$ cat run-v8.pdb   # PDB, C-alpha atoms
ATOM      1  CA  MET A   1     -69.040 -33.242  22.096
ATOM      2  CA  LYS A   2     -65.742 -31.408  21.847
ATOM      3  CA  LYS A   3     -64.340 -31.165  18.306
ATOM      4  CA  LYS A   4     -60.746 -32.383  17.961
ATOM      5  CA  PRO A   5     -58.339 -30.187  15.979
ATOM      6  CA  ASN A   6     -57.175 -31.480  12.629
ATOM      7  CA  LEU A   7     -53.429 -31.725  13.193
ATOM      8  CA  LEU A   8     -52.638 -32.095   9.487
ATOM      9  CA  LEU A   9     -54.343 -28.809   8.617
ATOM     10  CA  PHE A  10     -52.826 -27.155  11.674
ATOM     11  CA  SER A  11     -49.356 -28.351  10.649
ATOM     12  CA  ALA A  12     -49.826 -27.313   7.022
ATOM     13  CA  PHE A  13     -51.003 -23.816   7.984
ATOM     14  CA  TRP A  14     -48.115 -23.112  10.345
ATOM     15  CA  SER A  15     -45.620 -24.655   7.939
ATOM     16  CA  LEU A  16     -46.899 -22.311   5.244
ATOM     17  CA  VAL A  17     -46.552 -19.309   7.572
ATOM     18  CA  LEU A  18     -43.055 -20.309   8.696
ATOM     19  CA  ALA A  19     -41.898 -20.996   5.137
ATOM     20  CA  LEU A  20     -43.197 -17.620   3.981
ATOM     21  CA  VAL A  21     -41.470 -15.775   6.830
ATOM     22  CA  MET A  22     -38.179 -17.610   6.355
ATOM     23  CA  THR A  23     -38.255 -16.980   2.596
ATOM     24  CA  LEU A  24     -38.853 -13.277   3.197
ATOM     25  CA  ILE A  25     -35.943 -13.237   5.656
ATOM     26  CA  GLY A  26     -33.784 -14.496   2.791
ATOM     27  CA  PHE A  27     -34.245 -11.109   1.092
ATOM     28  CA  LEU A  28     -32.937  -9.102   4.077
ATOM     29  CA  HIS A  29     -29.252  -9.465   3.198
ATOM     30  CA  GLN A  30     -27.551  -6.209   2.269
ATOM     31  CA  GLU A  31     -25.211  -7.886  -0.206
ATOM     32  CA  ALA A  32     -25.927  -9.903  -3.317
ATOM     33  CA  VAL A  33     -27.491 -13.249  -2.406
ATOM     34  CA  ASP A  34     -28.507 -16.343  -4.304
ATOM     35  CA  LEU A  35     -32.105 -15.117  -4.699
ATOM     36  CA  THR A  36     -31.183 -12.122  -6.835
ATOM     37  CA  GLU A  37     -29.001 -11.830  -9.879
ATOM     38  CA  ALA A  38     -28.146  -8.599 -11.648
ATOM     39  CA  ALA A  39     -27.647 -10.302 -15.020
ATOM     40  CA  ALA A  40     -31.116 -11.901 -14.846
ATOM     41  CA  GLY A  41     -32.772  -8.588 -14.040
ATOM     42  CA  GLY A  42     -33.383  -8.927 -10.319
ATOM     43  CA  ILE A  43     -35.134 -11.740  -8.500
ATOM     44  CA  VAL A  44     -34.703 -15.293  -9.746
ATOM     45  CA  TRP A  45     -38.125 -16.748  -8.952
ATOM     46  CA  SER A  46     -37.122 -20.380  -9.441
ATOM     47  CA  ARG A  47     -34.578 -20.002  -6.622
ATOM     48  CA  VAL A  48     -37.174 -18.301  -4.424
ATOM     49  CA  LEU A  49     -39.639 -21.137  -5.065
ATOM     50  CA  TYR A  50     -36.964 -23.734  -4.312
ATOM     51  CA  LEU A  51     -36.124 -21.979  -1.022
ATOM     52  CA  PHE A  52     -39.817 -21.694  -0.093
ATOM     53  CA  LEU A  53     -40.500 -25.363  -0.816
ATOM     54  CA  GLY A  54     -37.427 -26.371   1.153
ATOM     55  CA  TRP A  55     -38.549 -24.404   4.209
ATOM     56  CA  PHE A  56     -42.112 -25.686   3.803
ATOM     57  CA  GLY A  57     -40.974 -29.308   3.622
ATOM     58  CA  PHE A  58     -38.632 -28.930   6.582
ATOM     59  CA  SER A  59     -41.217 -27.212   8.788
ATOM     60  CA  MET A  60     -43.943 -29.674   7.759
ATOM     61  CA  VAL A  61     -41.766 -32.616   8.826
ATOM     62  CA  VAL A  62     -41.000 -30.918  12.156
ATOM     63  CA  MET A  63     -44.698 -30.127  12.744
ATOM     64  CA  LEU A  64     -45.793 -33.670  11.914
ATOM     65  CA  ILE A  65     -43.181 -35.179  14.233
ATOM     66  CA  GLY A  66     -44.371 -32.822  16.977
ATOM     67  CA  SER A  67     -47.980 -33.807  16.301
ATOM     68  CA  LEU A  68     -47.143 -37.500  16.503
ATOM     69  CA  VAL A  69     -45.280 -36.973  19.786
ATOM     70  CA  TYR A  70     -48.305 -35.075  21.129
ATOM     71  CA  ILE A  71     -50.766 -37.781  20.041
ATOM     72  CA  LEU A  72     -48.642 -40.597  21.463
ATOM     73  CA  SER A  73     -48.097 -38.814  24.785
ATOM     74  CA  THR A  74     -51.815 -38.065  25.253
ATOM     75  CA  ARG A  75     -52.740 -41.678  24.458
ATOM     76  CA  ARG A  76     -50.212 -42.982  26.956
ATOM     77  CA  ARG A  77     -51.611 -40.718  29.679
ATOM     78  CA  GLY A  78     -55.235 -41.425  28.894
TER      79      GLY A  78
END

$ encode --input "run-v8.pdb" --output "structure tokens"
Amino acid sequence: MKKKPNLLLFSAFWSLVLALVMTLIGFLHQEAVDLTEAAAGGIVWSRVLYLFLGWFGFSMVVMLIGSLVYILSTRRRG
């Protein structure tokens, strides 16, 4: 019997990867950005966490919608 992939775990893993990459991209600016503050001594971790959770939530929603579209299209064909 062929094991079916767990789409929730698949979505969570790729959402985590995408959120991490997009958060790291936020540090690539050459000028002062919202993630760093000279008066606070560098990186403001609460802002970094907020950005990470925002990207994670957004990518998780997109992955789950894609998973639902995939499930519905395979059930219609089969």

$ atom_distance --input "run-v8.pdb" --atom1 "atom CA of A:Val44" --atom2 "atom CA of A:Leu20"
16.3 Å

$ resolve_selection --input "run-v8.pdb" --expression "the PyMOL selection byres ((chain A and resi 11) around 8)" --output "PDB file with C-alpha atoms, keeping the file's coordinate frame"
ATOM      1  CA  LEU A   7     -53.429 -31.725  13.193  1.00  0.00           C
ATOM      2  CA  LEU A   8     -52.638 -32.095   9.487  1.00  0.00           C
ATOM      3  CA  LEU A   9     -54.343 -28.809   8.617  1.00  0.00           C
ATOM      4  CA  PHE A  10     -52.826 -27.155  11.674  1.00  0.00           C
ATOM      5  CA  ALA A  12     -49.826 -27.313   7.022  1.00  0.00           C
ATOM      6  CA  PHE A  13     -51.003 -23.816   7.984  1.00  0.00           C
ATOM      7  CA  TRP A  14     -48.115 -23.112  10.345  1.00  0.00           C
ATOM      8  CA  SER A  15     -45.620 -24.655   7.939  1.00  0.00           C
ATOM      9  CA  MET A  60     -43.943 -29.674   7.759  1.00  0.00           C
ATOM     10  CA  MET A  63     -44.698 -30.127  12.744  1.00  0.00           C
ATOM     11  CA  LEU A  64     -45.793 -33.670  11.914  1.00  0.00           C
ATOM     12  CA  SER A  67     -47.980 -33.807  16.301  1.00  0.00           C
TER      13      SER A  67
END

$ resolve_selection --input "run-v8.pdb" --expression "the PyMOL selection byres ((chain A and resi 48) around 12)" --output "list in words"
Ala19, Leu20, Met22, Thr23, Leu24, Ile25, Gly26, Phe27, Val33, Asp34, Leu35, Thr36, Glu37, Gly42, Ile43, Val44, Trp45, Ser46, Arg47, Leu49, Tyr50, Leu51, Phe52, Leu53, Gly54 and Trp55 of chain A

$ closest_residue --input "run-v8.pdb" --among "A:Gly41, A:Phe56, A:Ser73, A:Lys2" --to "A:Val21" --atoms "only C-alpha atoms"
A:Phe56

$ axis_aligned_box --input "run-v8.pdb" --around "stretch 39-48 of chain A" --padding-each-side "3 Å" --output "JSON"
{"center_x": -32.9, "center_y": -14.5, "center_z": -9.7, "size_x": 16.5, "size_y": 17.8, "size_z": 16.6}
